[in-house]
file upload16.cif (mmCIF, C-alpha atoms)
data_my_file
loop_
_atom_site.group_PDB
_atom_site.id
_atom_site.type_symbol
_atom_site.label_atom_id
_atom_site.label_comp_id
_atom_site.auth_asym_id
_atom_site.auth_seq_id
_atom_site.Cartn_x
_atom_site.Cartn_y
_atom_site.Cartn_z
ATOM 1 C CA MET A 23 11.479 -14.416 16.800
ATOM 2 C CA LYS A 24 13.220 -15.335 13.655
ATOM 3 C CA LYS A 25 15.641 -12.867 12.162
ATOM 4 C CA LEU A 26 14.692 -11.988 8.619
ATOM 5 C CA MET A 27 17.528 -10.389 6.628
ATOM 6 C CA THR A 28 16.966 -10.370 2.888
ATOM 7 C CA THR A 29 15.305 -13.779 3.045
ATOM 8 C CA LEU A 30 12.101 -12.086 4.199
ATOM 9 C CA PHE A 31 12.398 -9.365 1.605
ATOM 10 C CA SER A 32 12.966 -11.904 -1.150
ATOM 11 C CA SER A 33 10.189 -14.239 -0.083
ATOM 12 C CA VAL A 34 7.474 -11.613 0.225
ATOM 13 C CA LEU A 35 8.422 -9.843 -2.969
ATOM 14 C CA ALA A 36 8.458 -13.202 -4.682
ATOM 15 C CA LEU A 37 4.913 -13.647 -3.398
ATOM 16 C CA SER A 38 3.909 -10.566 -5.348
ATOM 17 C CA LEU A 39 5.282 -12.102 -8.515
ATOM 18 C CA VAL A 40 3.983 -15.651 -8.362
ATOM 19 C CA ALA A 41 0.478 -17.019 -8.006
ATOM 20 C CA CYS A 42 -1.082 -16.552 -4.569
ATOM 21 C CA GLY A 43 -3.309 -19.337 -3.329
ATOM 22 C CA SER A 44 -5.397 -18.066 -0.436
ATOM 23 C CA ASP A 45 -9.182 -18.032 -0.661
ATOM 24 C CA GLU A 46 -9.290 -14.268 -0.155
ATOM 25 C CA GLU A 47 -7.145 -13.765 -3.209
ATOM 26 C CA GLU A 48 -9.219 -15.921 -5.546
ATOM 27 C CA THR A 49 -11.513 -13.391 -7.148
ATOM 28 C CA THR A 50 -13.860 -13.845 -10.053
ATOM 29 C CA GLY A 51 -14.180 -11.999 -13.314
ATOM 30 C CA GLY A 52 -11.434 -10.236 -15.229
ATOM 31 C CA GLN A 53 -9.163 -11.071 -18.091
ATOM 32 C CA ASP A 54 -5.921 -13.014 -18.130
ATOM 33 C CA ASP A 55 -2.698 -11.044 -18.433
ATOM 34 C CA THR A 56 -1.589 -13.080 -21.432
ATOM 35 C CA GLY A 57 -2.048 -10.837 -24.448
ATOM 36 C CA SER A 58 0.536 -8.687 -26.147
ATOM 37 C CA ASP A 59 0.497 -4.903 -25.854
ATOM 38 C CA ASP A 60 -0.888 -4.630 -29.394
ATOM 39 C CA GLN A 61 -3.731 -6.961 -28.573
ATOM 40 C CA THR A 62 -4.474 -4.958 -25.426
ATOM 41 C CA GLU A 63 -4.677 -1.681 -27.311
ATOM 42 C CA GLU A 64 -7.170 -3.173 -29.739
ATOM 43 C CA SER A 65 -9.323 -4.802 -27.058
ATOM 44 C CA THR A 66 -12.911 -3.591 -26.833
ATOM 45 C CA ASP A 67 -14.222 -6.364 -24.595
ATOM 46 C CA LEU A 68 -15.446 -5.473 -21.119
ATOM 47 C CA PRO A 69 -15.629 -7.868 -18.160
ATOM 48 C CA ASP A 70 -19.069 -8.730 -16.819
ATOM 49 C CA GLU A 71 -18.026 -7.287 -13.476
ATOM 50 C CA ILE A 72 -15.326 -4.893 -12.323
ATOM 51 C CA VAL A 73 -13.437 -6.023 -9.231
ATOM 52 C CA MET A 74 -11.963 -3.193 -7.182
ATOM 53 C CA GLY A 75 -9.152 -4.263 -4.855
ATOM 54 C CA PHE A 76 -8.097 -2.758 -1.523
ATOM 55 C CA VAL A 77 -5.378 -3.565 0.995
ATOM 56 C CA PRO A 78 -5.785 -3.441 4.783
ATOM 57 C CA SER A 79 -4.354 -0.273 6.316
ATOM 58 C CA THR A 80 -6.923 -0.759 9.067
ATOM 59 C CA ASP A 81 -9.331 -3.552 9.998
ATOM 60 C CA SER A 82 -10.157 -5.615 6.901
ATOM 61 C CA ASP A 83 -13.798 -6.191 7.827
ATOM 62 C CA GLN A 84 -14.305 -2.471 8.377
ATOM 63 C CA ILE A 85 -12.866 -1.650 4.966
ATOM 64 C CA ALA A 86 -14.971 -4.316 3.249
ATOM 65 C CA SER A 87 -18.228 -2.928 4.646
ATOM 66 C CA THR A 88 -17.247 0.718 4.215
ATOM 67 C CA VAL A 89 -16.393 0.489 0.507
ATOM 68 C CA GLU A 90 -19.733 -1.061 -0.490
ATOM 69 C CA PRO A 91 -21.379 2.335 -1.189
ATOM 70 C CA LEU A 92 -18.280 3.352 -3.155
ATOM 71 C CA ALA A 93 -18.551 0.250 -5.324
ATOM 72 C CA GLU A 94 -22.272 0.846 -5.831
ATOM 73 C CA ARG A 95 -21.731 4.450 -6.917
ATOM 74 C CA LEU A 96 -18.911 3.523 -9.294
ATOM 75 C CA SER A 97 -21.162 0.853 -10.767
ATOM 76 C CA GLU A 98 -23.842 3.458 -11.436
ATOM 77 C CA GLU A 99 -21.321 5.712 -13.155
ATOM 78 C CA ILE A 100 -19.697 3.119 -15.451
ATOM 79 C CA GLY A 101 -22.724 0.881 -16.075
ATOM 80 C CA ILE A 102 -21.132 -2.402 -14.924
ATOM 81 C CA PRO A 103 -21.434 -4.172 -11.547
ATOM 82 C CA VAL A 104 -18.509 -3.367 -9.245
ATOM 83 C CA ASP A 105 -17.337 -5.629 -6.442
ATOM 84 C CA GLY A 106 -15.043 -4.157 -3.779
ATOM 85 C CA ARG A 107 -12.699 -6.738 -2.256
ATOM 86 C CA VAL A 108 -10.076 -6.514 0.473
ATOM 87 C CA MET A 109 -6.937 -8.527 -0.225
ATOM 88 C CA THR A 110 -4.652 -9.967 2.429
ATOM 89 C CA ASN A 111 -1.762 -7.592 1.686
ATOM 90 C CA TYR A 112 -0.150 -5.407 -0.983
ATOM 91 C CA SER A 113 1.541 -8.353 -2.668
ATOM 92 C CA ALA A 114 -1.725 -10.247 -3.031
ATOM 93 C CA LEU A 115 -3.349 -7.232 -4.694
ATOM 94 C CA VAL A 116 -0.465 -6.842 -7.150
ATOM 95 C CA GLU A 117 -0.664 -10.498 -8.144
ATOM 96 C CA ALA A 118 -4.465 -10.449 -8.392
ATOM 97 C CA MET A 119 -4.255 -7.528 -10.788
ATOM 98 C CA GLY A 120 -1.487 -9.234 -12.745
ATOM 99 C CA SER A 121 -3.683 -12.284 -13.268
ATOM 100 C CA GLY A 122 -6.715 -10.163 -14.206
ATOM 101 C CA GLN A 123 -8.710 -11.149 -11.115
ATOM 102 C CA VAL A 124 -8.784 -7.522 -9.926
ATOM 103 C CA HIS A 125 -9.287 -4.721 -12.456
ATOM 104 C CA VAL A 126 -8.943 -1.558 -10.377
ATOM 105 C CA GLY A 127 -6.555 -1.395 -7.436
ATOM 106 C CA PHE A 128 -5.928 1.075 -4.655
ATOM 107 C CA ILE A 129 -2.172 0.491 -4.554
ATOM 108 C CA PRO A 130 0.484 2.308 -2.521
ATOM 109 C CA ALA A 131 3.447 3.724 -4.426
ATOM 110 C CA PHE A 132 5.838 0.773 -4.043
ATOM 111 C CA GLY A 133 3.139 -1.754 -4.864
ATOM 112 C CA TYR A 134 2.346 0.269 -7.970
ATOM 113 C CA VAL A 135 5.987 0.284 -9.103
ATOM 114 C CA LEU A 136 6.103 -3.502 -8.737
ATOM 115 C CA ALA A 137 2.756 -3.899 -10.498
ATOM 116 C CA ASN A 138 3.795 -1.640 -13.361
ATOM 117 C CA GLU A 139 7.132 -3.395 -13.806
ATOM 118 C CA ARG A 140 5.723 -6.884 -13.683
ATOM 119 C CA HIS A 141 2.249 -6.540 -15.193
ATOM 120 C CA ASP A 142 2.054 -3.162 -16.982
ATOM 121 C CA ILE A 143 -0.473 -1.932 -14.438
ATOM 122 C CA GLU A 144 -1.297 1.708 -15.234
ATOM 123 C CA VAL A 145 -1.697 4.497 -12.680
ATOM 124 C CA ILE A 146 -4.584 6.815 -13.506
ATOM 125 C CA LEU A 147 -5.202 8.698 -10.255
ATOM 126 C CA LYS A 148 -3.619 9.473 -6.902
ATOM 127 C CA SER A 149 -4.830 10.429 -3.476
ATOM 128 C CA ILE A 150 -4.785 13.856 -1.907
ATOM 129 C CA ARG A 151 -4.319 14.053 1.855
ATOM 130 C CA HIS A 152 -4.446 17.331 3.733
ATOM 131 C CA GLY A 153 -4.216 19.114 0.401
ATOM 132 C CA ASP A 154 -0.957 17.386 -0.558
ATOM 133 C CA ASP A 155 -0.094 14.651 -3.058
ATOM 134 C CA SER A 156 2.812 13.274 -1.006
ATOM 135 C CA TYR A 157 3.412 12.109 2.557
ATOM 136 C CA ARG A 158 6.171 10.759 4.796
ATOM 137 C CA ALA A 159 6.864 7.528 6.609
ATOM 138 C CA GLN A 160 6.909 7.876 10.377
ATOM 139 C CA TYR A 161 9.022 6.074 12.982
ATOM 140 C CA SER A 162 7.013 5.547 16.187
ATOM 141 C CA VAL A 163 8.462 4.447 19.540
ATOM 142 C CA ARG A 164 7.107 4.225 23.066
ATOM 143 C CA ALA A 165 7.411 7.475 25.001
ATOM 144 C CA ASP A 166 9.129 5.616 27.845
ATOM 145 C CA SER A 167 11.563 3.693 25.600
ATOM 146 C CA GLY A 168 14.547 5.999 26.051
ATOM 147 C CA ILE A 169 14.994 6.006 22.249
ATOM 148 C CA GLU A 170 15.783 9.559 21.165
ATOM 149 C CA ASN A 171 17.020 9.288 17.570
ATOM 150 C CA LEU A 172 17.491 6.881 14.682
ATOM 151 C CA GLU A 173 20.977 5.941 15.916
ATOM 152 C CA ASP A 174 19.379 4.528 19.074
ATOM 153 C CA LEU A 175 17.418 2.021 16.967
ATOM 154 C CA GLU A 176 20.508 -0.087 16.216
ATOM 155 C CA GLY A 177 19.977 -3.585 17.595
ATOM 156 C CA LYS A 178 16.300 -2.920 18.338
ATOM 157 C CA VAL A 179 13.208 -4.779 17.062
ATOM 158 C CA TRP A 180 11.504 -3.204 14.039
ATOM 159 C CA ALA A 181 7.791 -3.790 13.364
ATOM 160 C CA PHE A 182 6.509 -2.935 9.884
ATOM 161 C CA PRO A 183 3.246 -3.620 8.022
ATOM 162 C CA ASP A 184 4.362 -5.370 4.836
ATOM 163 C CA VAL A 185 7.589 -5.696 2.861
ATOM 164 C CA ALA A 186 5.767 -4.256 -0.164
ATOM 165 C CA SER A 187 4.652 -1.188 1.816
ATOM 166 C CA THR A 188 6.186 2.075 0.659
ATOM 167 C CA SER A 189 6.029 3.923 3.980
ATOM 168 C CA GLY A 190 6.073 0.815 6.139
ATOM 169 C CA TYR A 191 9.195 -0.757 4.645
ATOM 170 C CA LEU A 192 10.777 0.565 1.455
ATOM 171 C CA PHE A 193 11.541 4.156 2.427
ATOM 172 C CA PRO A 194 12.591 3.421 6.038
ATOM 173 C CA ALA A 195 14.839 0.560 4.871
ATOM 174 C CA THR A 196 16.365 2.842 2.249
ATOM 175 C CA GLN A 197 16.951 5.576 4.823
ATOM 176 C CA ILE A 198 18.649 3.150 7.230
ATOM 177 C CA ARG A 199 20.945 1.931 4.456
ATOM 178 C CA ASP A 200 21.810 5.463 3.362
ATOM 179 C CA MET A 201 22.439 6.759 6.885
ATOM 180 C CA PHE A 202 24.299 3.851 8.454
ATOM 181 C CA GLY A 203 25.792 1.889 5.580
ATOM 182 C CA MET A 204 24.118 -1.303 6.795
ATOM 183 C CA THR A 205 21.186 -3.334 5.564
ATOM 184 C CA GLU A 206 18.094 -3.178 7.702
ATOM 185 C CA ASP A 207 18.775 -6.740 8.900
ATOM 186 C CA GLU A 208 22.285 -5.821 9.975
ATOM 187 C CA PHE A 209 21.098 -2.645 11.698
ATOM 188 C CA PHE A 210 18.068 -3.974 13.589
ATOM 189 C CA GLY A 211 18.142 -6.843 16.048
ATOM 190 C CA ASP A 212 14.976 -8.375 14.652
ATOM 191 C CA LEU A 213 12.293 -7.605 12.056
ATOM 192 C CA LEU A 214 8.582 -8.307 12.483
ATOM 193 C CA GLU A 215 6.088 -8.174 9.603
ATOM 194 C CA THR A 216 2.710 -7.413 11.184
ATOM 195 C CA GLY A 217 0.300 -7.266 8.228
ATOM 196 C CA SER A 218 -1.002 -3.706 8.671
ATOM 197 C CA HIS A 219 -0.010 -0.251 9.870
ATOM 198 C CA ASP A 220 -2.358 -0.620 12.835
ATOM 199 C CA ASN A 221 -0.750 -3.872 13.911
ATOM 200 C CA ALA A 222 2.751 -2.433 13.638
ATOM 201 C CA LEU A 223 1.837 0.366 16.043
ATOM 202 C CA ILE A 224 0.022 -1.967 18.413
ATOM 203 C CA THR A 225 3.024 -4.301 18.470
ATOM 204 C CA VAL A 226 5.205 -1.445 19.749
ATOM 205 C CA LEU A 227 2.537 -0.092 22.091
ATOM 206 C CA GLU A 228 2.230 -3.515 23.737
ATOM 207 C CA GLY A 229 5.992 -3.813 24.124
ATOM 208 C CA ASN A 230 6.637 -6.533 21.541
ATOM 209 C CA ALA A 231 8.810 -4.330 19.309
ATOM 210 C CA ASP A 232 10.799 -1.146 19.759
ATOM 211 C CA VAL A 233 9.873 0.852 16.666
ATOM 212 C CA ALA A 234 7.097 0.819 14.076
ATOM 213 C CA THR A 235 7.175 2.433 10.660
ATOM 214 C CA THR A 236 3.882 3.560 9.150
ATOM 215 C CA PHE A 237 2.354 6.376 7.185
ATOM 216 C CA GLU A 238 2.162 9.732 8.975
ATOM 217 C CA ASP A 239 0.313 9.902 11.415
ATOM 218 C CA ALA A 240 -1.131 6.400 11.660
ATOM 219 C CA ARG A 241 -1.609 6.671 15.415
ATOM 220 C CA GLU A 242 -5.009 8.255 14.905
ATOM 221 C CA THR A 243 -6.294 5.058 13.285
ATOM 222 C CA ILE A 244 -5.942 3.109 16.552
ATOM 223 C CA GLU A 245 -6.867 5.883 19.007
ATOM 224 C CA ASP A 246 -10.456 4.660 19.508
ATOM 225 C CA ASP A 247 -9.292 1.217 20.624
ATOM 226 C CA TYR A 248 -6.042 2.378 22.239
ATOM 227 C CA PRO A 249 -6.695 5.854 23.687
ATOM 228 C CA GLU A 250 -3.342 5.682 25.489
ATOM 229 C CA VAL A 251 -1.523 5.882 22.129
ATOM 230 C CA TYR A 252 -1.061 9.649 22.573
ATOM 231 C CA ASP A 253 -0.162 9.470 26.282
ATOM 232 C CA GLU A 254 3.031 11.431 26.888
ATOM 233 C CA SER A 255 4.353 8.914 29.393
ATOM 234 C CA ASN A 256 3.515 5.482 27.965
ATOM 235 C CA GLY A 257 2.013 6.110 24.530
ATOM 236 C CA LEU A 258 3.733 6.362 21.156
ATOM 237 C CA VAL A 259 5.770 9.345 19.998
ATOM 238 C CA GLN A 260 7.020 10.386 16.573
ATOM 239 C CA LEU A 261 10.751 9.689 16.507
ATOM 240 C CA ASP A 262 11.585 10.725 12.940
ATOM 241 C CA PHE A 263 10.369 10.792 9.341
ATOM 242 C CA THR A 264 11.585 9.777 5.893
ATOM 243 C CA ALA A 265 11.734 11.861 2.736
ATOM 244 C CA ALA A 266 8.475 12.649 0.938
ATOM 245 C CA ILE A 267 6.693 9.745 -0.784
ATOM 246 C CA PRO A 268 4.175 10.098 -3.649
ATOM 247 C CA ASN A 269 0.657 9.337 -2.499
ATOM 248 C CA ASP A 270 -1.239 6.100 -3.109
ATOM 249 C CA THR A 271 -2.609 5.295 -6.533
ATOM 250 C CA ILE A 272 -5.768 4.167 -8.200
ATOM 251 C CA SER A 273 -4.425 1.896 -10.931
ATOM 252 C CA VAL A 274 -5.960 -0.304 -13.609
ATOM 253 C CA ILE A 275 -4.962 -3.424 -15.515
ATOM 254 C CA HIS A 276 -3.721 -2.850 -19.057
ATOM 255 C CA SER A 277 -6.311 -5.077 -20.729
ATOM 256 C CA LEU A 278 -9.187 -2.652 -20.106
ATOM 257 C CA PRO A 279 -10.162 -0.584 -23.180
ATOM 258 C CA ALA A 280 -8.811 2.968 -23.117
ATOM 259 C CA ASP A 281 -12.225 4.619 -23.375
ATOM 260 C CA PHE A 282 -13.506 2.537 -20.471
ATOM 261 C CA VAL A 283 -10.458 3.469 -18.375
ATOM 262 C CA GLU A 284 -11.290 7.103 -19.093
ATOM 263 C CA ASP A 285 -14.838 6.489 -17.826
ATOM 264 C CA ILE A 286 -13.390 5.066 -14.609
ATOM 265 C CA ARG A 287 -11.033 8.025 -14.267
ATOM 266 C CA GLN A 288 -13.801 10.583 -14.696
ATOM 267 C CA ALA A 289 -16.123 8.696 -12.328
ATOM 268 C CA PHE A 290 -13.538 8.819 -9.542
ATOM 269 C CA LEU A 291 -12.713 12.477 -10.206
ATOM 270 C CA ALA A 292 -16.425 13.260 -9.902
ATOM 271 C CA PHE A 293 -16.286 11.911 -6.347
ATOM 272 C CA ASN A 294 -14.402 15.090 -5.395
ATOM 273 C CA ASP A 295 -17.748 16.859 -5.589
ATOM 274 C CA ASP A 296 -19.574 14.131 -3.658
ATOM 275 C CA GLU A 297 -19.235 14.553 0.104
ATOM 276 C CA GLU A 298 -20.465 11.018 0.817
ATOM 277 C CA MET A 299 -17.819 9.428 -1.417
ATOM 278 C CA ILE A 300 -15.003 11.564 0.011
ATOM 279 C CA ASP A 301 -16.164 10.656 3.524
ATOM 280 C CA ILE A 302 -15.815 7.000 2.546
ATOM 281 C CA MET A 303 -12.310 7.554 1.177
ATOM 282 C CA GLN A 304 -11.415 9.424 4.345
ATOM 283 C CA THR A 305 -12.649 6.542 6.477
ATOM 284 C CA VAL A 306 -10.871 3.852 4.457
ATOM 285 C CA TYR A 307 -7.535 5.495 3.607
ATOM 286 C CA ARG A 308 -7.623 9.051 5.003
ATOM 287 C CA TRP A 309 -8.008 10.506 1.486
ATOM 288 C CA ASP A 310 -9.664 13.893 1.202
ATOM 289 C CA GLY A 311 -9.432 14.157 -2.572
ATOM 290 C CA ILE A 312 -8.498 12.436 -5.837
ATOM 291 C CA ALA A 313 -6.228 13.877 -8.546
ATOM 292 C CA GLU A 314 -4.798 12.922 -11.934
ATOM 293 C CA ALA A 315 -1.515 10.981 -11.807
ATOM 294 C CA GLU A 316 1.362 10.139 -14.150
ATOM 295 C CA ASP A 317 3.702 7.170 -14.039
ATOM 296 C CA SER A 318 6.792 9.421 -13.933
ATOM 297 C CA GLU A 319 5.751 10.739 -10.517
ATOM 298 C CA TYR A 320 6.736 7.365 -9.054
ATOM 299 C CA ASP A 321 10.319 7.394 -10.348
ATOM 300 C CA ILE A 322 11.522 8.373 -6.864
ATOM 301 C CA VAL A 323 10.086 5.095 -5.610
ATOM 302 C CA ARG A 324 11.797 3.185 -8.406
ATOM 303 C CA GLU A 325 15.064 4.806 -7.355
ATOM 304 C CA ALA A 326 14.567 3.690 -3.753
ATOM 305 C CA TYR A 327 13.729 0.174 -4.922
ATOM 306 C CA SER A 328 16.952 0.098 -6.937
ATOM 307 C CA ASN A 329 18.812 -0.134 -3.610
ATOM 308 C CA PHE A 330 17.610 -3.721 -3.431
ATOM 309 C CA ALA A 331 18.203 -4.663 -7.071
ATOM 310 C CA ASP A 332 21.292 -6.755 -6.334
ATOM 311 C CA GLU A 333 19.420 -8.802 -3.741
ATOM 312 C CA VAL A 334 15.985 -9.288 -5.236
ATOM 313 C CA ASP A 335 15.068 -10.196 -8.787
ATOM 314 C CA PRO A 336 11.450 -9.005 -9.118
ATOM 315 C CA LEU A 337 10.933 -11.222 -12.152
ATOM 316 C CA GLU A 338 11.923 -14.494 -10.433
#

call {"tool": "encode", "arguments": {"input": "upload16.cif", "output": "structure tokens"}}
result
Amino acid sequence: MKKLMTTLFSSVLALSLVACGSDEEETTGGQDDTGSDDQTEESTDLPDEIVMGFVPSTDSDQIASTVEPLAERLSEEIGIPVDGRVMTNYSALVEAMGSGQVHVGFIPAFGYVLANERHDIEVILKSIRHGDDSYRAQYSVRADSGIENLEDLEGKVWAFPDVASTSGYLFPATQIRDMFGMTEDEFFGDLLETGSHDNALITVLEGNADVATTFEDARETIEDDYPEVYDESNGLVQLDFTAAIPNDTISVIHSLPADFVEDIRQAFLAFNDDEEMIDIMQTVYRWDGIAEAEDSEYDIVREAYSNFADEVDPLE
């Protein structure tokens, strides 16, 4: 396994800020992010189709099929066809929105901060989970690992979903730096980017890493396929948690007309009274409600990201 250090962090963040070339990321419709702010404010043009982008917290194929009714209902509400698409990772979604290929994105907090900084992506809504608008990142280790606290993780192998993941990477990396005065690469023996929260947990469960960082409590998302995940002798246990993180966003590109954005906002808020739509959100991202959101709520994430400012230029 190749040790990552800030090379990994730089390369993946750079991916979120330059064109991505995979087939999954090449979406149709949308408007180019080339106009000035004044031009955007005056825009009254609507795309022929709204593309709604998701990232894989669980199986990508499952998400793609599950969100179809959500896209259909949103289409009915706003009067334009809506296509729900699952991107390869957070960075791909940020870039797709920046290029106008995706219009509405379900973006975690860190991805939103990057998207807002780079492309003026606007948060309009946030998720509610278990009645709360924030959550924590969780450190998971095998029950038989002998690891009892964060200090015991020094020199161990860390599995995380994506470098642009708020709970999977940003907040744990920040906590390690604050607690131990070392970068995550100096602290851990090796770093493994697994592509999803599920995969990070599975990597530890199967003995290929020592600790996984995910949202709390991501273990339930793999319980059907890995019922041993909660076993007290050889399953995964919660080692520790980070500080509170603002919940995921529903964000839009800045070239959409303001009145149309308001239509989108109200359509999603109406889903709170639609049991079928909330069931879909629960299945996809464990949301049990949708609430209004403001950009300032994500300043705590910007502050965490500032820990890496000397190492990573997000505008490169």

call {"tool": "closest_atom_pairs", "arguments": {"input": "upload16.cif", "of": "range 124-204 of chain A", "to": "range 262-269 of chain A", "cutoff": "6 Å", "atoms": "all atoms listed in the file", "output": "tab-separated table"}}
result
residue	atom	partner	partner_atom	distance
A:Ser149	CA	A:Asn269	CA	5.7
A:Asp155	CA	A:Asn269	CA	5.4
A:Ser156	CA	A:Pro268	CA	4.4
A:Tyr157	CA	A:Ile267	CA	5.2
A:Arg158	CA	A:Ala266	CA	4.9
A:Ala159	CA	A:Thr264	CA	5.3
A:Gln160	CA	A:Phe263	CA	4.6
A:Tyr161	CA	A:Asp262	CA	5.3

call {"tool": "residues_around", "arguments": {"input": "upload16.cif", "residues": "range 247-260 of chain A", "least_positions_apart": "4", "cutoff": "9 Å", "atoms": "all atoms listed in the file", "output": "ChimeraX atom specification"}}
result
/A:160-167,223-224,226-227,239,241-243

call {"tool": "atom_distance", "arguments": {"input": "upload16.cif", "atom1": "CA of Val126 in chain A", "atom2": "CA of Val274 in chain A"}}
result
4.6 Å

call {"tool": "atom_distance", "arguments": {"input": "upload16.cif", "atom1": "CA of Trp180 in chain A", "atom2": "CA of Ala326 in chain A"}}
result
19.3 Å

call {"tool": "residues_near_point", "arguments": {"input": "upload16.cif", "point": "(12.8, -3.2, 0.0)", "cutoff": "8 Å", "atoms": "all atoms listed in the file", "output": "list in words"}}
result
Phe31, Val185, Ala186, Tyr191, Leu192, Phe193, Ala195, Thr196, Tyr327, Asn329 and Phe330 of chain A

call {"tool": "closest_residue", "arguments": {"input": "upload16.cif", "among": "A:Ile275, A:Asp67, A:Arg199, A:Pro130", "to": "Tyr112 in chain A", "atoms": "all atoms listed in the file"}}
result
A:Pro130

call {"tool": "atom_distance", "arguments": {"input": "upload16.cif", "atom1": "CA of Ala181 in chain A", "atom2": "CA of Val77 in chain A"}}
result
18.1 Å

call {"tool": "residues_around", "arguments": {"input": "upload16.cif", "residues": "Leu172 in chain A", "least_positions_apart": "2", "cutoff": "9 Å", "atoms": "all atoms listed in the file", "output": "list of chain:residue names"}}
result
A:Tyr161, A:Ile169, A:Glu170, A:Asp174, A:Leu175, A:Glu176, A:Ile198, A:Leu261, A:Asp262

call {"tool": "residues_around", "arguments": {"input": "upload16.cif", "residues": "Thr271 in chain A", "least_positions_apart": "3", "cutoff": "7 Å", "atoms": "only C-alpha atoms", "output": "JSON, numbers by chain"}}
result
{"A": [128, 129, 130, 131, 145, 147, 148, 149]}

call {"tool": "residues_around", "arguments": {"input": "upload16.cif", "residues": "Ile312 in chain A", "least_positions_apart": "3", "cutoff": "9 Å", "atoms": "all atoms listed in the file", "output": "NGL selection string"}}
result
:A and (147-151 or 290-294 or 300 or 309)

call {"tool": "closest_residue", "arguments": {"input": "upload16.cif", "among": "A:Glu319, A:Glu99, A:Glu215, A:Asp310", "to": "Glu297 in chain A", "atoms": "all atoms listed in the file"}}
result
A:Asp310

call {"tool": "closest_residue", "arguments": {"input": "upload16.cif", "among": "A:Met74, A:Asn221, A:Gln288, A:Arg308", "to": "Gly153 in chain A", "atoms": "all atoms listed in the file"}}
result
A:Arg308

call {"tool": "closest_residue", "arguments": {"input": "upload16.cif", "among": "A:Asp142, A:Lys178, A:Ala240, A:Asp70", "to": "Tyr307 in chain A", "atoms": "all atoms listed in the file"}}
result
A:Ala240

call {"tool": "closest_residue", "arguments": {"input": "upload16.cif", "among": "A:Val73, A:Val233, A:Leu68, A:Leu92", "to": "Val104 in chain A", "atoms": "all atoms listed in the file"}}
result
A:Val73

call {"tool": "residues_around", "arguments": {"input": "upload16.cif", "residues": "His219 in chain A", "least_positions_apart": "2", "cutoff": "8 Å", "atoms": "only C-alpha atoms", "output": "PyMOL selection string"}}
result
chain A and resi 79-80+182-183+190+216-217+221-223+235-237+240

call {"tool": "closest_residue", "arguments": {"input": "upload16.cif", "among": "A:Glu139, A:Glu90, A:Asp246, A:Glu173", "to": "Met201 in chain A", "atoms": "all atoms listed in the file"}}
result
A:Glu173

call {"tool": "residues_near_point", "arguments": {"input": "upload16.cif", "point": "(5.7, 2.2, -5.1)", "cutoff": "8 Å", "atoms": "all atoms listed in the file", "output": "PyMOL selection string"}}
result
chain A and resi 130-136+187-188+320+323-324

call {"tool": "write_last_selection", "arguments": {"input": "upload16.cif", "atoms": "C-alpha atoms", "output": "short mmCIF file (atom, residue, chain, number, x, y, z; two decimals), keeping the file's coordinate frame"}}
result
data_model
loop_
_atom_site.label_atom_id
_atom_site.label_comp_id
_atom_site.auth_asym_id
_atom_site.auth_seq_id
_atom_site.Cartn_x
_atom_site.Cartn_y
_atom_site.Cartn_z
CA PRO A 130 0.48 2.31 -2.52
CA ALA A 131 3.45 3.72 -4.43
CA PHE A 132 5.84 0.77 -4.04
CA GLY A 133 3.14 -1.75 -4.86
CA TYR A 134 2.35 0.27 -7.97
CA VAL A 135 5.99 0.28 -9.10
CA LEU A 136 6.10 -3.50 -8.74
CA SER A 187 4.65 -1.19 1.82
CA THR A 188 6.19 2.08 0.66
CA TYR A 320 6.74 7.36 -9.05
CA VAL A 323 10.09 5.10 -5.61
CA ARG A 324 11.80 3.18 -8.41
#
